[in-house]
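Novice: I have a structure here, written as structure tokens, and I will follow up with some questions on it.
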Amino acid sequence: AVRHPIYFGFMATVGVGLALLLYFILSNVGQLLGWIAAAMFIALGLDPIVRWLGRKGLPRPAGAVTVVLVLAALLAACIAVLIPTIVAQTAQIVANIPRYTTDFLNSAFFQSVDQQFQVRARIEEEVAKFLANSEAVTGIFGGVLGVGTAVVNGAFGALIVLVLTLYFLASLPALKVWAYRLAPRSRRQRVQVLAEEITDSVGGYVIGQACGALINAAVAFTAMGIAQVPFTALLTFVVALLAFIPLVGGMLAGLLVSLIALTVSWQAAVLFAIMYFAYLQIEAYFVSPRIMQRAVAVPGAVAVIAVIAGGSLVGVLGALMAIPAAAAVMLLLKEVFIARQDKN
């Protein structure tokens, strides 16, 4: 009886130490875990294509290599075509910033606001303070170096994700069999059925989201061409990226392009907004349901909460994975917890 408090204190200390060690490991390999999660997410999305090639007689390893190479070639082609245009248009935007600034400062709106709140004098004062601060000016160069480092890390991460995706695609059936063996034999078949349903829904979701993003970008490109919005290639690329974010991505893309269209005229902004946001309504009621018919349906409120939580915790990757994760949790609740409660 005397040893019990000592034993409890020792085990509690060991438990806290293990928890701190686990936290230290996870905090230092968080980026690697993100790469692994992204590769698995992409692999589950490409798995239906690999299986379709398998039904056509192509062995799975060859199908996985073919799909990954085609994906890499498409990405390389898009980068080779878009990057020069995007760089040129970005440089054009930077070069026109002084003109945009001058036009805004000379506009009637700013003049009226400046007369009431003396905004120009306040801006000039803050700029002078910033330029007088050597640490702030030095921080700009540090930020530039940080951007360069981020680009290198991003390229390295993309290569790792590509290699891991190839490995996961080639060995996905074996990985599933190994994972199913972790479940008790009496429940293994049930676990396999639920896991296959979850992975199929994730694959359908990823493919559907990619198709939706491409259609969204094509519509935005057409609308920008009709409304004569500048920097079409750059904005189309941004729209395609934002469209991958569930629920809010299309809305953010529309607002961003509409604001840029205001630099041309309010008529151009209104024309683009009417066409693009009208498509978003068509997408919500007709396009997405057909594209996402293989994915597990998630109620709107749950989807919004999941996207916000995923984006807050993990960023864009978390927002992308939030809806399939929520669908998996809902499926498990329905098939396990609710089914058990109905029996009692």
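Residue numbering restarts at 1 in every chain; chains get A, B, ... in the order shown in the structure tokens, and ligands count up from 1 in that same order.
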If we count only C-alpha atoms, what is near Ala243 (chain A) at a cut-off of 7 Å, once residues fewer than 4 positions away on the same chain are taken out, given as an NGL selection string?
Specialist: :A and (213 or 216 or 239 or 249-250)
Novice: Can you list, as a PDB file with C-alpha atoms, in the first residue's frame, every protein, DNA or RNA residue that comes within 10 Å of region 166-168 of chain A when you count only C-alpha atoms, leaving out same-chain residues fewer than 4 positions away?
Specialist:
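See selection-v9.pdb below for the written result:
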ATOM      1  CA  ILE A  36       2.435  11.886 -46.551  1.00  0.00           C
ATOM      2  CA  ALA A  39       0.394  11.899 -51.241  1.00  0.00           C
ATOM      3  CA  MET A  40      -2.171   9.493 -49.795  1.00  0.00           C
ATOM      4  CA  PHE A  41      -4.979  11.917 -50.647  1.00  0.00           C
ATOM      5  CA  ILE A  42      -3.776  12.189 -54.263  1.00  0.00           C
ATOM      6  CA  ALA A  43      -3.231   8.419 -54.477  1.00  0.00           C
ATOM      7  CA  LEU A  44      -6.797   7.725 -53.363  1.00  0.00           C
ATOM      8  CA  ASP A  47      -6.777   4.998 -57.636  1.00  0.00           C
ATOM      9  CA  PRO A  61       2.461  -1.072 -61.142  1.00  0.00           C
ATOM     10  CA  ALA A  64       0.389   3.604 -61.395  1.00  0.00           C
ATOM     11  CA  VAL A  65       3.554   4.707 -63.202  1.00  0.00           C
ATOM     12  CA  THR A  66       1.528   5.693 -66.276  1.00  0.00           C
ATOM     13  CA  VAL A  67      -0.969   7.762 -64.291  1.00  0.00           C
ATOM     14  CA  VAL A  68       1.717   9.543 -62.246  1.00  0.00           C
ATOM     15  CA  LEU A  69       3.815  10.267 -65.345  1.00  0.00           C
ATOM     16  CA  ILE A 160       8.583  13.978 -52.369  1.00  0.00           C
ATOM     17  CA  VAL A 161       4.788  14.010 -52.722  1.00  0.00           C
ATOM     18  CA  LEU A 162       5.103  12.767 -56.312  1.00  0.00           C
ATOM     19  CA  LEU A 172      -2.363   0.501 -52.200  1.00  0.00           C
ATOM     20  CA  PRO A 173      -4.038  -2.958 -52.218  1.00  0.00           C
ATOM     21  CA  ALA A 174      -1.193  -4.441 -50.147  1.00  0.00           C
ATOM     22  CA  LEU A 175      -1.363  -1.503 -47.724  1.00  0.00           C
TER      23      LEU A 175
END
Novice: Rounded to one decimal place, report the CA of Arg60 (chain A)-CA of Gly203 (chain A) distance in Å.
Specialist: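 CA of Gly203 (chain A) lies at a distance of 16.5 Å from CA of Arg60 (chain A).
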Novice: Neighbours of region 328-344 of chain A within 7 Å (only C-alpha atoms; same-chain residues fewer than 3 positions away dropped), as a PyMOL selection string?
Specialist: chain A and resi 198+324-325
Novice: Which residues are close to Leu262 (chain A), i.e. within 12 Å by only C-alpha atoms, leaving aside same-chain residues fewer than 5 positions away? Reply as an MDAnalysis selection string.
Specialist: chainID A and resid 100 104 227:230 255:257 267:273
Novice: Take the residues that were just selected and, keeping N, CA, C and O atoms, output them as a PDB file, in the first residue's frame.
Specialist:
ATOM      1  N   TYR A 100      -1.729  52.908 -60.608  1.00  0.00           N
ATOM      2  CA  TYR A 100      -2.964  52.608 -59.881  1.00  0.00           C
ATOM      3  C   TYR A 100      -3.058  53.447 -58.609  1.00  0.00           C
ATOM      4  O   TYR A 100      -4.131  53.975 -58.270  1.00  0.00           O
ATOM      5  N   PHE A 104      -5.851  56.316 -57.808  1.00  0.00           N
ATOM      6  CA  PHE A 104      -6.708  56.206 -56.620  1.00  0.00           C
ATOM      7  C   PHE A 104      -6.594  57.450 -55.752  1.00  0.00           C
ATOM      8  O   PHE A 104      -7.594  57.979 -55.249  1.00  0.00           O
ATOM      9  N   ALA A 227     -15.696  40.110 -70.574  1.00  0.00           N
ATOM     10  CA  ALA A 227     -15.697  41.379 -69.841  1.00  0.00           C
ATOM     11  C   ALA A 227     -14.425  42.177 -70.039  1.00  0.00           C
ATOM     12  O   ALA A 227     -14.313  43.290 -69.509  1.00  0.00           O
ATOM     13  N   GLN A 228     -13.447  41.611 -70.778  1.00  0.00           N
ATOM     14  CA  GLN A 228     -12.173  42.277 -71.056  1.00  0.00           C
ATOM     15  C   GLN A 228     -11.429  42.636 -69.762  1.00  0.00           C
ATOM     16  O   GLN A 228     -10.926  43.750 -69.585  1.00  0.00           O
ATOM     17  N   VAL A 229     -11.370  41.642 -68.874  1.00  0.00           N
ATOM     18  CA  VAL A 229     -10.622  41.805 -67.626  1.00  0.00           C
ATOM     19  C   VAL A 229      -9.143  41.563 -67.920  1.00  0.00           C
ATOM     20  O   VAL A 229      -8.798  40.593 -68.606  1.00  0.00           O
ATOM     21  N   PRO A 230      -8.230  42.395 -67.422  1.00  0.00           N
ATOM     22  CA  PRO A 230      -6.798  42.191 -67.704  1.00  0.00           C
ATOM     23  C   PRO A 230      -6.216  41.020 -66.919  1.00  0.00           C
ATOM     24  O   PRO A 230      -6.844  40.483 -66.008  1.00  0.00           O
ATOM     25  N   LEU A 255     -14.916  37.100 -56.110  1.00  0.00           N
ATOM     26  CA  LEU A 255     -14.718  38.415 -55.497  1.00  0.00           C
ATOM     27  C   LEU A 255     -13.374  39.013 -55.898  1.00  0.00           C
ATOM     28  O   LEU A 255     -13.279  40.212 -56.196  1.00  0.00           O
ATOM     29  N   LEU A 256     -12.321  38.175 -55.928  1.00  0.00           N
ATOM     30  CA  LEU A 256     -10.994  38.672 -56.297  1.00  0.00           C
ATOM     31  C   LEU A 256     -10.979  39.210 -57.721  1.00  0.00           C
ATOM     32  O   LEU A 256     -10.491  40.330 -57.977  1.00  0.00           O
ATOM     33  N   VAL A 257     -11.506  38.431 -58.667  1.00  0.00           N
ATOM     34  CA  VAL A 257     -11.488  38.877 -60.068  1.00  0.00           C
ATOM     35  C   VAL A 257     -12.388  40.089 -60.250  1.00  0.00           C
ATOM     36  O   VAL A 257     -12.067  41.006 -61.027  1.00  0.00           O
ATOM     37  N   GLN A 267     -18.544  48.620 -65.113  1.00  0.00           N
ATOM     38  CA  GLN A 267     -19.338  47.788 -66.022  1.00  0.00           C
ATOM     39  C   GLN A 267     -18.681  46.428 -66.243  1.00  0.00           C
ATOM     40  O   GLN A 267     -19.353  45.399 -66.274  1.00  0.00           O
ATOM     41  N   ALA A 268     -17.340  46.426 -66.402  1.00  0.00           N
ATOM     42  CA  ALA A 268     -16.631  45.157 -66.585  1.00  0.00           C
ATOM     43  C   ALA A 268     -16.756  44.280 -65.347  1.00  0.00           C
ATOM     44  O   ALA A 268     -16.953  43.058 -65.449  1.00  0.00           O
ATOM     45  N   ALA A 269     -16.655  44.897 -64.174  1.00  0.00           N
ATOM     46  CA  ALA A 269     -16.775  44.126 -62.933  1.00  0.00           C
ATOM     47  C   ALA A 269     -18.173  43.525 -62.800  1.00  0.00           C
ATOM     48  O   ALA A 269     -18.330  42.349 -62.434  1.00  0.00           O
ATOM     49  N   VAL A 270     -19.192  44.308 -63.100  1.00  0.00           N
ATOM     50  CA  VAL A 270     -20.574  43.805 -62.990  1.00  0.00           C
ATOM     51  C   VAL A 270     -20.825  42.704 -64.018  1.00  0.00           C
ATOM     52  O   VAL A 270     -21.449  41.673 -63.702  1.00  0.00           O
ATOM     53  N   LEU A 271     -20.334  42.886 -65.247  1.00  0.00           N
ATOM     54  CA  LEU A 271     -20.544  41.875 -66.286  1.00  0.00           C
ATOM     55  C   LEU A 271     -19.890  40.550 -65.901  1.00  0.00           C
ATOM     56  O   LEU A 271     -20.493  39.474 -66.021  1.00  0.00           O
ATOM     57  N   PHE A 272     -18.641  40.620 -65.434  1.00  0.00           N
ATOM     58  CA  PHE A 272     -17.978  39.388 -65.016  1.00  0.00           C
ATOM     59  C   PHE A 272     -18.701  38.755 -63.832  1.00  0.00           C
ATOM     60  O   PHE A 272     -18.902  37.535 -63.804  1.00  0.00           O
ATOM     61  N   ALA A 273     -19.072  39.562 -62.834  1.00  0.00           N
ATOM     62  CA  ALA A 273     -19.721  39.020 -61.641  1.00  0.00           C
ATOM     63  C   ALA A 273     -21.025  38.329 -61.990  1.00  0.00           C
ATOM     64  O   ALA A 273     -21.338  37.255 -61.448  1.00  0.00           O
TER      65      ALA A 273
END
Novice: Would you compute the distance between CA of Asn28 (chain A) and CA of Phe10 (chain A)? Give it in Å to one decimal.
Specialist: 27.0 Å
Novice: Give me, please, the distance in Å between CA of Leu234 (chain A) and CA of Gly157 (chain A), quoted to one decimal.
Specialist: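 Straight-line distance from CA of Leu234 (chain A) to CA of Gly157 (chain A) works out to 23.2 Å.
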Novice: Taking only C-alpha atoms into account, name the residue in A:Leu82, A:Ile274, A:Met251, A:Gly212 that is nearest to Ile226 (chain A).
Specialist: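 Using only C-alpha atoms, Ile226 (chain A) sits closest to A:Ile274.
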Novice: Find the nearest atom pair between each residue of region 200-234 of chain A and region 192-196 of chain A for residues within 10 Å, count only C-alpha atoms, give distances in Å to one decimal, sort rows by chain and ascending number, and present the table as CSV.
Specialist:
residue,atom,partner,partner_atom,distance
A:Asp200,CA,A:Glu196,CA,6.0
A:Ser201,CA,A:Glu196,CA,8.5
A:Val202,CA,A:Glu196,CA,9.8
Novice: For the residues selected in the previous step, produce a file with all heavy atoms as a short mmCIF file (atom, residue, chain, number, x, y, z; two decimals), in the first residue's frame.
Specialist:
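Once everything was written out, this is out-v5.cif:
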data_model
loop_
_atom_site.label_atom_id
_atom_site.label_comp_id
_atom_site.auth_asym_id
_atom_site.auth_seq_id
_atom_site.Cartn_x
_atom_site.Cartn_y
_atom_site.Cartn_z
N ASP A 200 -13.31 4.70 -51.57
CA ASP A 200 -14.00 4.97 -52.83
C ASP A 200 -14.60 6.37 -52.84
O ASP A 200 -14.55 7.08 -53.85
CB ASP A 200 -15.09 3.93 -53.08
CG ASP A 200 -14.52 2.57 -53.44
OD1 ASP A 200 -13.32 2.51 -53.79
OD2 ASP A 200 -15.26 1.57 -53.37
N SER A 201 -15.18 6.76 -51.70
CA SER A 201 -15.78 8.10 -51.64
C SER A 201 -14.72 9.18 -51.73
O SER A 201 -14.92 10.22 -52.37
CB SER A 201 -16.59 8.26 -50.35
OG SER A 201 -15.74 8.23 -49.22
N VAL A 202 -13.56 8.96 -51.09
CA VAL A 202 -12.46 9.93 -51.18
C VAL A 202 -11.96 10.03 -52.61
O VAL A 202 -11.71 11.13 -53.13
CB VAL A 202 -11.32 9.55 -50.22
CG1 VAL A 202 -10.11 10.45 -50.45
CG2 VAL A 202 -11.77 9.67 -48.78
#
Novice: Excluding Val304 (chain A) and residues on its chain fewer than 6 positions from it, collect all residues at most 10 Å away from it, counting only C-alpha atoms, and give them as a list in words.
Specialist: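 Final neighbour list, sorted by chain and number: Pro246, Leu247, Val248, Val298, Gly310, Ala319, Ala322 and Ile323 of chain A.
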Novice: I need the chosen residues saved as a PDB file, in the first residue's frame, with N, CA, C and O atoms.
Specialist:
ATOM      1  N   PRO A 246     -13.114  23.690 -51.071  1.00  0.00           N
ATOM      2  CA  PRO A 246     -14.560  23.443 -51.100  1.00  0.00           C
ATOM      3  C   PRO A 246     -15.353  24.634 -50.581  1.00  0.00           C
ATOM      4  O   PRO A 246     -14.900  25.381 -49.720  1.00  0.00           O
ATOM      5  N   LEU A 247     -16.538  24.812 -51.137  1.00  0.00           N
ATOM      6  CA  LEU A 247     -17.553  25.752 -50.673  1.00  0.00           C
ATOM      7  C   LEU A 247     -17.174  27.217 -50.871  1.00  0.00           C
ATOM      8  O   LEU A 247     -17.879  27.957 -51.539  1.00  0.00           O
ATOM      9  N   VAL A 248     -16.065  27.651 -50.308  1.00  0.00           N
ATOM     10  CA  VAL A 248     -15.731  29.071 -50.313  1.00  0.00           C
ATOM     11  C   VAL A 248     -14.755  29.454 -51.418  1.00  0.00           C
ATOM     12  O   VAL A 248     -14.582  30.644 -51.698  1.00  0.00           O
ATOM     13  N   VAL A 298     -22.412  15.110 -47.679  1.00  0.00           N
ATOM     14  CA  VAL A 298     -22.189  15.724 -46.378  1.00  0.00           C
ATOM     15  C   VAL A 298     -23.134  16.912 -46.266  1.00  0.00           C
ATOM     16  O   VAL A 298     -23.186  17.740 -47.175  1.00  0.00           O
ATOM     17  N   GLY A 310     -10.653  22.450 -40.755  1.00  0.00           N
ATOM     18  CA  GLY A 310      -9.498  21.909 -41.462  1.00  0.00           C
ATOM     19  C   GLY A 310      -8.552  22.988 -41.935  1.00  0.00           C
ATOM     20  O   GLY A 310      -7.333  22.858 -41.826  1.00  0.00           O
ATOM     21  N   ALA A 319      -8.285  22.122 -45.563  1.00  0.00           N
ATOM     22  CA  ALA A 319      -9.578  22.466 -46.148  1.00  0.00           C
ATOM     23  C   ALA A 319      -9.966  21.488 -47.249  1.00  0.00           C
ATOM     24  O   ALA A 319     -11.137  21.122 -47.389  1.00  0.00           O
ATOM     25  N   ALA A 322     -10.996  18.170 -45.590  1.00  0.00           N
ATOM     26  CA  ALA A 322     -11.983  18.265 -44.525  1.00  0.00           C
ATOM     27  C   ALA A 322     -13.276  17.537 -44.872  1.00  0.00           C
ATOM     28  O   ALA A 322     -13.817  16.789 -44.048  1.00  0.00           O
ATOM     29  N   ILE A 323     -13.780  17.743 -46.091  1.00  0.00           N
ATOM     30  CA  ILE A 323     -15.070  17.148 -46.444  1.00  0.00           C
ATOM     31  C   ILE A 323     -14.994  15.622 -46.532  1.00  0.00           C
ATOM     32  O   ILE A 323     -15.848  14.927 -45.972  1.00  0.00           O
TER      33      ILE A 323
END
Novice: A:Thr101, A:Ser27, A:Gln92, A:Ser288: which is nearest Tyr205 (chain A), counting only C-alpha atoms?
Specialist: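 Between A:Thr101, A:Ser27, A:Gln92, A:Ser288, the residue approaching Tyr205 (chain A) most closely is A:Ser288.
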Novice: For each of A:Val50, A:Leu313, A:Val307, A:Ala327, take the minimum atom-to-atom distance to Leu169 (chain A), counting only C-alpha atoms, then give the residue where this is smallest.
Specialist: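 Nearest to Leu169 (chain A): A:Val50.
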